[in-house]
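What follows is one structure encoded as structure tokens, with my remarks underneath.
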Amino acid sequence: MPEVTIWTSNDKGIVSLRSHTMDGSAGKSSESGSIVSSSQSSKNGILPDDDGCPRQVSPIRIGGSRNTSPMGRVGSRNTSPSRQKVIKTKPRGLDEETVATFGKVVHPDVQMEDNIWAMLPEDLLNEILLRVPPFMIFRLRSVCKRWNSILQDSSFLKFHSQVPSHGPCLLTFWKNPQTPQCSVFSLPLKAWYRIPFTFLPQWAFWLVGSSGGLVCFSGLDGLTFKTLVCNPLTQTWRTLPSMNYNQQRQLIMVVDRIDHSFKVIATGDIYGDRSLPTEVYDSKLDRWSLHQIMPAVNLCSSKMAYCDSRLYLETLSPLGLMVYRLDTGYWEHIPARFPRSLLDGYLVAGTQKRLFLVGRIGLYSTLQSMRIWELDHAKIMWVEISRMPPKHFRALLRLSAERFECFGQDNLICFTSWNQGKGLLYDVDKKVWSWIAGCALQSYNSQVCFYEPRFDASIY
């Protein structure tokens, strides 16, 4: 009877030699086998022929044995893309505290030659740098002289003026103990950044506000009252000319993005003397101009809000709002009565002529609540639009007499607590309350305002 010899291997690396004798008439077969260690035969499935020459055979799957690779590799793994290991990593080029980690398959780094980067066209390099978070500009300046010069070049600033804004940020300013310190919280990136403020002079100054990428300060240089404007990203600043009545005044700065200019409005002085005329500084004229004296009123708060070319202040007598029109240079009174039991109110400017009033309601601590109203210009009345959730109110202000600050920009309203060191943000359009990651107040004497980082904001 013909005899067939079959070489097979199982999952334990054992090669079996089996002989089958076929009975052609009955269709039966008899089997006899011997086991040979894989170390005694050729490795990787190379087995000898009858003539002693090696030959490669394909493994035969019998007895539930594991299918190995075509080369007979023992214990090989399935390396299909669906079973590749996913490793937690962070986006390249961003600070490690900027964004949260996410999963992606790691590929080998592609090394680029230095001459490729050196030969990049200037317009392409501008496009790349515009997509980098603005707060990392201080690191990029130290890469090479070319990058340092491009970031201060007029063509780069022109490119930057045409791209959308990075988004609103919170700027916290304080002195520790005499050196100016500044931290910026990026709302889009949910991260804090430290900006060096050592370029400013050593005055006793305080934060006035921010608009269009510029930050305004005022203070005393010795006994002289001065006002300065700076751009924290470009590290440039300048002192404004002295006012006609150079006293400590309530100031507010407004930037005109289309006209590439800014104005600073000075009302009465900080000691309550309303007999001083209103003065307005125009950066295009580089001088202060005198305007109407604000009528004799009893101001409710020194906080001001600028909305739709108008400056608003709260008054108790007569009750309502004092409005300064920048286009005409005159003051007028709006008899908008405040809500009953209002303990402390802040005026907050929104977009598209929207003006908000934020304050606490209730005479007793257990009944107090924080509410937001919007001014109905047609009916000249305040309409309630939202209330702070009680759990947020108790976490922000644990004591009934605890002080807080409130300011806004682009329909975003921020609440900060002086004692608790917390920050709460409210989106008027989305009607969403959210806590600010980290501490909004870096120090007890910190001053906070909204800030929009822009390289193209000029101090002239």
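Following the order of the structure tokens, chains are lettered A, B, ..., residues in each are numbered from 1, and ligands are numbered from 1.
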
For Asn231 (chain A): contacts at 8 Å, only C-alpha atoms, fewer than 6 positions along chain excluded, given as a list in words: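 After dropping sequence-adjacent residues, the list is Gly213, Leu214, Val215, Trp237, Phe455, Ala457, Ser458 and Ile459 of chain A.
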
Report as a list in words all protein, DNA and RNA residues lying within 10 Å of Arg194 (chain A), evaluated on only C-alpha atoms, omitting residues in the same chain fewer than 6 positions from it.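 Near Arg194 (chain A), the qualifying residues are Phe135, Leu171, Thr172, Gln181, Cys182, Ser183, Val184 and Phe185 of chain A.
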
Could you save those same residues with N, CA and C atoms as a CSV table (one decimal), in the first residue's frame?
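Generated file (result17.csv):
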chain,number,residue,atom,x,y,z
A,135,PHE,N,0.3,83.5,23.8
A,135,PHE,CA,1.1,83.6,25.0
A,135,PHE,C,2.4,82.8,25.0
A,171,LEU,N,-7.2,89.0,32.8
A,171,LEU,CA,-5.9,89.5,33.2
A,171,LEU,C,-6.0,89.9,34.7
A,172,THR,N,-5.0,89.3,35.4
A,172,THR,CA,-4.9,89.5,36.9
A,172,THR,C,-3.6,90.3,37.1
A,181,GLN,N,3.3,92.1,38.7
A,181,GLN,CA,3.1,90.7,38.3
A,181,GLN,C,1.8,90.6,37.5
A,182,CYS,N,1.7,89.7,36.6
A,182,CYS,CA,0.6,89.6,35.7
A,182,CYS,C,0.4,88.1,35.3
A,183,SER,N,-0.8,87.6,35.5
A,183,SER,CA,-1.2,86.3,35.0
A,183,SER,C,-2.5,86.4,34.1
A,184,VAL,N,-2.5,85.6,33.1
A,184,VAL,CA,-3.6,85.7,32.1
A,184,VAL,C,-4.2,84.3,32.0
A,185,PHE,N,-5.6,84.2,32.2
A,185,PHE,CA,-6.3,83.0,32.1
A,185,PHE,C,-7.0,83.0,30.7

Every residue of region 288-402 of chain A that DSSP places in strand (DSSP E or B), as a PyMOL selection string: chain A and resi 288-293+298-307+310-317+319-325+330-334+342-349+355-361+369-376+381-387

Could you state the separation of CA of Leu397 (chain A) and CA of Cys414 (chain A) in Å, given to one decimal place?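 Computing the Euclidean distance for CA of Leu397 (chain A) and CA of Cys414 (chain A) yields 14.0 Å.
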
Could you check which of A:Lys422, A:Arg238, A:Arg287, A:Lys430 is closest to His392 (chain A), using only C-alpha atoms?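 The shortest atom-to-atom distance to His392 (chain A) comes from A:Lys422.
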
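Going from CA of Lys158 (chain A) over to CA of Glu122 (chain A), you cover 13.0 Å.
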
Surrounding residues of region 249-266 of chain A excluding itself and chain neighbours under 2 positions, 6 Å, only C-alpha atoms, as a PyMOL selection string: chain A and resi 211-212+247+268-270+278-283

Residues as selected, N, CA and C atoms, written as an mmCIF file, in the first residue's frame, can you do that?
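Dumped to result.cif:
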data_model
loop_
_atom_site.group_PDB
_atom_site.id
_atom_site.type_symbol
_atom_site.label_atom_id
_atom_site.label_comp_id
_atom_site.auth_asym_id
_atom_site.auth_seq_id
_atom_site.Cartn_x
_atom_site.Cartn_y
_atom_site.Cartn_z
ATOM 1 N N SER A 211 -8.882 97.097 26.663
ATOM 2 C CA SER A 211 -9.763 97.148 25.501
ATOM 3 C C SER A 211 -8.937 96.925 24.241
ATOM 4 N N GLY A 212 -9.407 96.030 23.373
ATOM 5 C CA GLY A 212 -8.782 95.836 22.070
ATOM 6 C C GLY A 212 -7.328 95.435 22.104
ATOM 7 N N GLN A 247 -5.384 115.718 37.983
ATOM 8 C CA GLN A 247 -5.680 115.141 39.282
ATOM 9 C C GLN A 247 -6.068 113.679 39.093
ATOM 10 N N GLY A 268 -15.165 112.781 36.907
ATOM 11 C CA GLY A 268 -14.766 113.470 38.126
ATOM 12 C C GLY A 268 -13.600 112.774 38.810
ATOM 13 N N ASP A 269 -12.980 113.454 39.788
ATOM 14 C CA ASP A 269 -11.826 112.868 40.460
ATOM 15 C C ASP A 269 -12.270 111.823 41.477
ATOM 16 N N ILE A 270 -11.321 111.089 42.018
ATOM 17 C CA ILE A 270 -11.656 109.968 42.893
ATOM 18 C C ILE A 270 -12.108 110.421 44.279
ATOM 19 N N THR A 278 -15.187 117.128 32.109
ATOM 20 C CA THR A 278 -14.854 115.836 31.504
ATOM 21 C C THR A 278 -13.771 116.039 30.445
ATOM 22 N N GLU A 279 -12.773 115.173 30.481
ATOM 23 C CA GLU A 279 -11.678 115.266 29.510
ATOM 24 C C GLU A 279 -11.575 113.955 28.742
ATOM 25 N N VAL A 280 -11.252 114.074 27.456
ATOM 26 C CA VAL A 280 -11.144 112.913 26.581
ATOM 27 C C VAL A 280 -9.811 112.975 25.852
ATOM 28 N N TYR A 281 -9.036 111.904 25.947
ATOM 29 C CA TYR A 281 -7.772 111.811 25.211
ATOM 30 C C TYR A 281 -8.002 111.045 23.917
ATOM 31 N N ASP A 282 -7.507 111.589 22.804
ATOM 32 C CA ASP A 282 -7.598 110.965 21.488
ATOM 33 C C ASP A 282 -6.185 110.620 21.027
ATOM 34 N N SER A 283 -5.927 109.341 20.752
ATOM 35 C CA SER A 283 -4.578 108.923 20.364
ATOM 36 C C SER A 283 -4.174 109.472 19.000
#

With a distance cut-off of 8 Å and only C-alpha atoms, select the neighbouring residues of region 332-347 of chain A, excluding the residue or stretch itself and same-chain residues fewer than 6 positions from it, and output the selection as a list in words.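 Within the cut-off, the hits are Ser301, Lys303, Met304, Ala305, Tyr312, Leu313, Glu314, Pro318, Leu319, Gly320, Leu321, Met322, Val323, Tyr324, Leu355, Phe356, Leu357, Val358, Gly359, Arg360, Ile361, Gly362, Leu363, Ile380, Met381, Trp382, Cys406 and Phe407 of chain A.
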
Between CA of Leu311 (chain A) and CA of Tyr330 (chain A), what is the distance, to one decimal in Å? 10.6 Å

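Minimum atom-to-atom distances from A:Ser434, A:Ser155, A:Thr328, A:Ser275 to Pro389 (chain A) were compared using only C-alpha atoms, and the lowest value belongs to A:Ser434.
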